[in-house]
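Student: Can you read through this structure? Questions will come right after.
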Amino acid sequence: RPGHRMMETWHPLGVAGVISAFNFPVAVWSWNFALAIVCGNPVVWKPSEKTPLTALACKRLFERAAARFDGDVPEHLLQVLIGGKEVGKALVDDRRVALVSATGSCRMGREVAPRVAARFGRTLLELGGNNAMIVAPSADLALAERAVTFSAVGTAGQRCTTLRRLIAHDDIAEDLVTRLKAVYGGVPIGSPLEDGVLLGPLMDAGAFDAMQAALARARDEGGTVTGGERVLADAYPNAHYVTPAIAEMPAQTDIVAEETFAPILYVMRYATADEAIAMHNAVPQGLSSCIFTNDMREAERFLSSEGSDCGIANVNIGPSGAEIGGAFGGEKETGGGRESGTEAWKAYMRRATNTINYSPDLPLAQGITFGSG
């Protein structure tokens with residue numbers, strides 16, 4: 001259209017609400033907060049009721065940093081809400097909160113999403129994961145062994161990208177599981193403040209009870225469980241330390257399809273690549289995934305549309321820790337949101353399409369013209 005210019009402009013969205021979980025009490029807030037304020041938005045942060053002190057400390061650190069700019073940083077750019085579920089509901093239901101970025105369980109997401117949608121607000125959801133590793137016949141088993149141990153045992157299985165399902169080929173499954181049991185038996189367990197410790201405590205008694213209930217169900221569904229017992233109860237009577245558990249399952253049963261926030265690794269076997277991919281994708285969650293293989297065709301298929309249906313798909317590296325800086329998030333019941341990555345800033349802004357007419361004419365759409373009278 002002669003004499004016209006069309007462009008898109010991006011503007012601050014408004015107040016961003018951040019709901020974070022206990023397991024990463026600083027990281028989730030920081031990557032939301034940094035993008036939100038760069039895009040011109042204030043933030044109201046509701047941390048987990050289990051980690052209030054971390055949130056208050058972060059708020060104080062930000063205020064100290066902002067004070068160095070001699071009044072150029074607006075006041076109250078960050079507010080912290082301390083409380084339980086009712087406080088979270090108030091934040092989610094407030095029409096002044098343009099975006100709710102919520103990290104937590106799928107159950108939490110099912111409550112948050114429809115409440116925000118009812119008022120036509122925006123959500124950015126990063127929910128549960130049931131992450132799997134396929135180990136192919138050509139895999140470097142020493143490499144896979146290290147990756148499994150870190151991603152299944154580290155943080156006591158209490159991260160959304162924890163490895164929870166191991167899908168191993170029939171030809172190497174026995175060898176791999178034997179190696180893992182040996183490694184698991186030597187994992188250093190204790191206070192995370194001590195050097196050399198790999199496995200710290202579960203969050204609380206509720207987490208311990210959930211782990212024991214999941215292992216009981218695994219046994220009832222035909223699984224053989226190694227590990228999973230409480231340890232160090234005499235030294236830490238108010239804490240819940242456990243040995244990491246391996247549950248060898250006859251198939252991908254109902255309990256395997258659920259996310260249990262604990263160091264439980266469910267092991268299944270497969271015969272063909274089609275079977276492995278079908279098993280991998282046959283869970284409600286879709287956060288992170290990986291395959292260990294030295295077969296280029298297997299690797300490329302896993303990364304293609306025929307392979308993993310997760311938001312994160314890796315080759316020869318575990319499902320946790322490698323995604324820093326990339327678009328973080330998943331599909332299906334994981335919520336579909338993306339934090340970080342090249343496009344993440346757009347979630348915190350509103351877009352406007354602008355047309356500027358710098359000509360003396362007013363052409364109309366669909367070829368419509370007005371007569372002279």
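As shown in the structure tokens, the chain order sets the letters A, B, ...; within each chain, residues go from 1, and ligands are also counted from 1 in the order they appear.
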Just want the 6 Å neighbourhood of A:Glu126, counted on only C-alpha atoms, with same-chain residues fewer than 6 positions away dropped. Output as JSON, numbers by chain.

Tutor: {"A": [103, 329, 334, 335, 337]}

Student: Would you list the contacts of A:Val28 as a list of chain:residue names, taking every protein, DNA or RNA residue within 10 Å and counting only C-alpha atoms, but skipping same-chain residues closer than 3 positions in sequence?

Tutor: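 Listed by chain and then number, they are A:Val18, A:Ile19, A:Ser20, A:Ala21, A:Phe22, A:Asn23, A:Phe24, A:Pro25, A:Trp31, A:Asn32, A:Phe33, A:Pro47, A:Ser101, A:Ala102, A:Thr103, A:Glu126, A:Glu339.
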
Student: Using only C-alpha atoms, which residue out of A:Ile368, A:Ala118, A:Val183, A:Ala247 lies closest to A:Leu166?

Tutor: A:Ala247

Student: Rounded to one decimal place, report the atom CA of A:Gly227-atom CA of A:Ile246 distance in Å.

Tutor: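 Taking atom CA of A:Gly227 as the start and atom CA of A:Ile246 as the end point, the length is 6.5 Å.
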
Student: May I ask which of the residues A:Leu81, A:Tyr236, A:Ser320, A:Ser191 is the closest one to A:Gln158, counting only C-alpha atoms?

Tutor: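 Comparing A:Leu81, A:Tyr236, A:Ser320, A:Ser191 against A:Gln158, the winner is A:Ser320.
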
Student: Which residues of stretch 221-268 of chain A have any atom within 12 Å of an atom in stretch 278-282 of chain A when counting only C-alpha atoms, and what is the closest pair of atoms for each, with the distance in Å to one decimal? Order the rows by chain and rising number and write it as a Markdown table.

Tutor:
```
| residue | atom | partner | partner_atom | distance |
| --- | --- | --- | --- | --- |
| A:Ala251 | CA | A:Met279 | CA | 9.1 |
| A:Gln252 | CA | A:Met279 | CA | 7.2 |
| A:Thr253 | CA | A:Met279 | CA | 10.6 |
| A:Asp254 | CA | A:Ala282 | CA | 10.9 |
| A:Val256 | CA | A:Ala282 | CA | 10.3 |
| A:Ala257 | CA | A:Ala282 | CA | 7.9 |
| A:Glu258 | CA | A:Ala282 | CA | 11.3 |
| A:Val267 | CA | A:Met279 | CA | 11.7 |
| A:Met268 | CA | A:Met279 | CA | 9.1 |
```

Student: Pull the closest atom pair for each residue of stretch 151-242 of chain A that gets at most 10 Å from stretch 263-266 of chain A, along with the distance in Å to one decimal, counting only C-alpha atoms, ordering rows by chain and then ascending residue number, as JSON lines.

Tutor:
```
{"residue": "A:Ser151", "atom": "CA", "partner": "A:Pro263", "partner_atom": "CA", "distance": 9.4}
{"residue": "A:Ala152", "atom": "CA", "partner": "A:Pro263", "partner_atom": "CA", "distance": 6.0}
{"residue": "A:Val153", "atom": "CA", "partner": "A:Pro263", "partner_atom": "CA", "distance": 5.4}
{"residue": "A:Gly154", "atom": "CA", "partner": "A:Pro263", "partner_atom": "CA", "distance": 8.0}
{"residue": "A:Thr155", "atom": "CA", "partner": "A:Pro263", "partner_atom": "CA", "distance": 8.3}
{"residue": "A:Ala156", "atom": "CA", "partner": "A:Pro263", "partner_atom": "CA", "distance": 5.2}
{"residue": "A:Gly157", "atom": "CA", "partner": "A:Pro263", "partner_atom": "CA", "distance": 4.1}
{"residue": "A:Gln158", "atom": "CA", "partner": "A:Pro263", "partner_atom": "CA", "distance": 7.4}
{"residue": "A:Arg159", "atom": "CA", "partner": "A:Pro263", "partner_atom": "CA", "distance": 9.9}
{"residue": "A:Thr162", "atom": "CA", "partner": "A:Pro263", "partner_atom": "CA", "distance": 8.3}
{"residue": "A:Leu163", "atom": "CA", "partner": "A:Leu265", "partner_atom": "CA", "distance": 7.1}
{"residue": "A:Arg164", "atom": "CA", "partner": "A:Leu265", "partner_atom": "CA", "distance": 4.8}
{"residue": "A:Arg165", "atom": "CA", "partner": "A:Tyr266", "partner_atom": "CA", "distance": 4.8}
{"residue": "A:Leu166", "atom": "CA", "partner": "A:Tyr266", "partner_atom": "CA", "distance": 6.0}
{"residue": "A:Ile167", "atom": "CA", "partner": "A:Tyr266", "partner_atom": "CA", "distance": 8.5}
{"residue": "A:Leu199", "atom": "CA", "partner": "A:Pro263", "partner_atom": "CA", "distance": 9.1}
{"residue": "A:Leu202", "atom": "CA", "partner": "A:Pro263", "partner_atom": "CA", "distance": 9.0}
{"residue": "A:Met211", "atom": "CA", "partner": "A:Ile264", "partner_atom": "CA", "distance": 7.8}
{"residue": "A:Ala214", "atom": "CA", "partner": "A:Ile264", "partner_atom": "CA", "distance": 8.8}
{"residue": "A:Leu215", "atom": "CA", "partner": "A:Ile264", "partner_atom": "CA", "distance": 8.1}
{"residue": "A:Ala218", "atom": "CA", "partner": "A:Tyr266", "partner_atom": "CA", "distance": 8.8}
{"residue": "A:Gly223", "atom": "CA", "partner": "A:Tyr266", "partner_atom": "CA", "distance": 8.8}
{"residue": "A:Thr224", "atom": "CA", "partner": "A:Tyr266", "partner_atom": "CA", "distance": 9.7}
{"residue": "A:Val225", "atom": "CA", "partner": "A:Tyr266", "partner_atom": "CA", "distance": 9.1}
{"residue": "A:Thr226", "atom": "CA", "partner": "A:Ile264", "partner_atom": "CA", "distance": 9.7}
{"residue": "A:Gly227", "atom": "CA", "partner": "A:Ile264", "partner_atom": "CA", "distance": 9.0}
{"residue": "A:Gly228", "atom": "CA", "partner": "A:Ile264", "partner_atom": "CA", "distance": 7.6}
{"residue": "A:Val242", "atom": "CA", "partner": "A:Pro263", "partner_atom": "CA", "distance": 8.4}
```

Student: Hey, can you spit out that residue selection with N, CA and C atoms as a PDB file, in the first residue's frame?

Tutor:
```
ATOM      1  N   SER A 151      21.415 -37.922  37.101  1.00  0.00           N
ATOM      2  CA  SER A 151      20.082 -37.378  36.847  1.00  0.00           C
ATOM      3  C   SER A 151      18.974 -38.073  37.612  1.00  0.00           C
ATOM      4  N   ALA A 152      19.202 -39.299  38.062  1.00  0.00           N
ATOM      5  CA  ALA A 152      18.166 -40.004  38.825  1.00  0.00           C
ATOM      6  C   ALA A 152      18.353 -39.863  40.332  1.00  0.00           C
ATOM      7  N   VAL A 153      19.595 -39.693  40.769  1.00  0.00           N
ATOM      8  CA  VAL A 153      19.897 -39.659  42.197  1.00  0.00           C
ATOM      9  C   VAL A 153      20.102 -38.234  42.707  1.00  0.00           C
ATOM     10  N   GLY A 154      20.730 -37.385  41.896  1.00  0.00           N
ATOM     11  CA  GLY A 154      21.009 -36.025  42.325  1.00  0.00           C
ATOM     12  C   GLY A 154      19.762 -35.275  42.772  1.00  0.00           C
ATOM     13  N   THR A 155      19.936 -34.383  43.734  1.00  0.00           N
ATOM     14  CA  THR A 155      18.843 -33.632  44.376  1.00  0.00           C
ATOM     15  C   THR A 155      17.751 -34.553  44.918  1.00  0.00           C
ATOM     16  N   ALA A 156      18.148 -35.775  45.243  1.00  0.00           N
ATOM     17  CA  ALA A 156      17.220 -36.772  45.803  1.00  0.00           C
ATOM     18  C   ALA A 156      15.971 -36.954  44.947  1.00  0.00           C
ATOM     19  N   GLY A 157      16.161 -36.838  43.629  1.00  0.00           N
ATOM     20  CA  GLY A 157      15.035 -37.034  42.723  1.00  0.00           C
ATOM     21  C   GLY A 157      14.004 -35.938  42.782  1.00  0.00           C
ATOM     22  N   GLN A 158      14.363 -34.782  43.336  1.00  0.00           N
ATOM     23  CA  GLN A 158      13.385 -33.715  43.571  1.00  0.00           C
ATOM     24  C   GLN A 158      13.608 -32.537  42.630  1.00  0.00           C
ATOM     25  N   ARG A 159      13.685 -32.837  41.353  1.00  0.00           N
ATOM     26  CA  ARG A 159      13.734 -31.779  40.347  1.00  0.00           C
ATOM     27  C   ARG A 159      12.840 -32.208  39.200  1.00  0.00           C
ATOM     28  N   THR A 162      14.412 -34.631  36.743  1.00  0.00           N
ATOM     29  CA  THR A 162      14.985 -35.883  37.240  1.00  0.00           C
ATOM     30  C   THR A 162      14.667 -37.043  36.296  1.00  0.00           C
ATOM     31  N   LEU A 163      15.627 -37.928  36.111  1.00  0.00           N
ATOM     32  CA  LEU A 163      15.383 -39.139  35.339  1.00  0.00           C
ATOM     33  C   LEU A 163      14.542 -40.099  36.168  1.00  0.00           C
ATOM     34  N   ARG A 164      13.383 -40.480  35.642  1.00  0.00           N
ATOM     35  CA  ARG A 164      12.477 -41.364  36.388  1.00  0.00           C
ATOM     36  C   ARG A 164      12.250 -42.700  35.676  1.00  0.00           C
ATOM     37  N   ARG A 165      12.484 -42.753  34.367  1.00  0.00           N
ATOM     38  CA  ARG A 165      12.236 -43.988  33.620  1.00  0.00           C
ATOM     39  C   ARG A 165      13.462 -44.333  32.784  1.00  0.00           C
ATOM     40  N   LEU A 166      13.904 -45.564  32.892  1.00  0.00           N
ATOM     41  CA  LEU A 166      15.015 -46.078  32.087  1.00  0.00           C
ATOM     42  C   LEU A 166      14.464 -47.163  31.173  1.00  0.00           C
ATOM     43  N   ILE A 167      14.570 -46.927  29.868  1.00  0.00           N
ATOM     44  CA  ILE A 167      14.060 -47.864  28.862  1.00  0.00           C
ATOM     45  C   ILE A 167      15.279 -48.455  28.156  1.00  0.00           C
ATOM     46  N   LEU A 199      23.736 -37.528  47.702  1.00  0.00           N
ATOM     47  CA  LEU A 199      22.297 -37.675  47.950  1.00  0.00           C
ATOM     48  C   LEU A 199      21.935 -37.081  49.306  1.00  0.00           C
ATOM     49  N   LEU A 202      15.115 -36.039  51.541  1.00  0.00           N
ATOM     50  CA  LEU A 202      13.840 -35.643  50.964  1.00  0.00           C
ATOM     51  C   LEU A 202      13.348 -34.393  51.688  1.00  0.00           C
ATOM     52  N   MET A 211       7.062 -41.507  48.591  1.00  0.00           N
ATOM     53  CA  MET A 211       8.023 -42.439  47.989  1.00  0.00           C
ATOM     54  C   MET A 211       7.711 -43.876  48.387  1.00  0.00           C
ATOM     55  N   ALA A 214       4.692 -45.141  46.549  1.00  0.00           N
ATOM     56  CA  ALA A 214       4.977 -45.457  45.150  1.00  0.00           C
ATOM     57  C   ALA A 214       5.716 -46.791  45.020  1.00  0.00           C
ATOM     58  N   LEU A 215       6.656 -47.034  45.905  1.00  0.00           N
ATOM     59  CA  LEU A 215       7.393 -48.303  45.849  1.00  0.00           C
ATOM     60  C   LEU A 215       6.478 -49.484  46.168  1.00  0.00           C
ATOM     61  N   ALA A 218       4.587 -50.144  43.088  1.00  0.00           N
ATOM     62  CA  ALA A 218       5.452 -50.783  42.092  1.00  0.00           C
ATOM     63  C   ALA A 218       5.548 -52.290  42.361  1.00  0.00           C
ATOM     64  N   GLY A 223       6.682 -55.235  40.103  1.00  0.00           N
ATOM     65  CA  GLY A 223       8.053 -54.772  40.078  1.00  0.00           C
ATOM     66  C   GLY A 223       8.917 -55.388  41.159  1.00  0.00           C
ATOM     67  N   THR A 224      10.213 -55.401  40.900  1.00  0.00           N
ATOM     68  CA  THR A 224      11.212 -55.832  41.879  1.00  0.00           C
ATOM     69  C   THR A 224      12.003 -54.602  42.301  1.00  0.00           C
ATOM     70  N   VAL A 225      11.948 -54.277  43.591  1.00  0.00           N
ATOM     71  CA  VAL A 225      12.521 -53.025  44.083  1.00  0.00           C
ATOM     72  C   VAL A 225      13.817 -53.289  44.832  1.00  0.00           C
ATOM     73  N   THR A 226      14.835 -52.517  44.500  1.00  0.00           N
ATOM     74  CA  THR A 226      16.106 -52.540  45.223  1.00  0.00           C
ATOM     75  C   THR A 226      16.345 -51.148  45.789  1.00  0.00           C
ATOM     76  N   GLY A 227      16.550 -51.058  47.099  1.00  0.00           N
ATOM     77  CA  GLY A 227      16.780 -49.769  47.734  1.00  0.00           C
ATOM     78  C   GLY A 227      15.481 -49.098  48.150  1.00  0.00           C
ATOM     79  N   GLY A 228      15.575 -47.810  48.495  1.00  0.00           N
ATOM     80  CA  GLY A 228      14.405 -47.036  48.883  1.00  0.00           C
ATOM     81  C   GLY A 228      14.158 -46.980  50.379  1.00  0.00           C
ATOM     82  N   VAL A 242      17.071 -41.321  52.397  1.00  0.00           N
ATOM     83  CA  VAL A 242      16.742 -42.639  51.841  1.00  0.00           C
ATOM     84  C   VAL A 242      17.869 -43.110  50.938  1.00  0.00           C
TER      85      VAL A 242
END
```
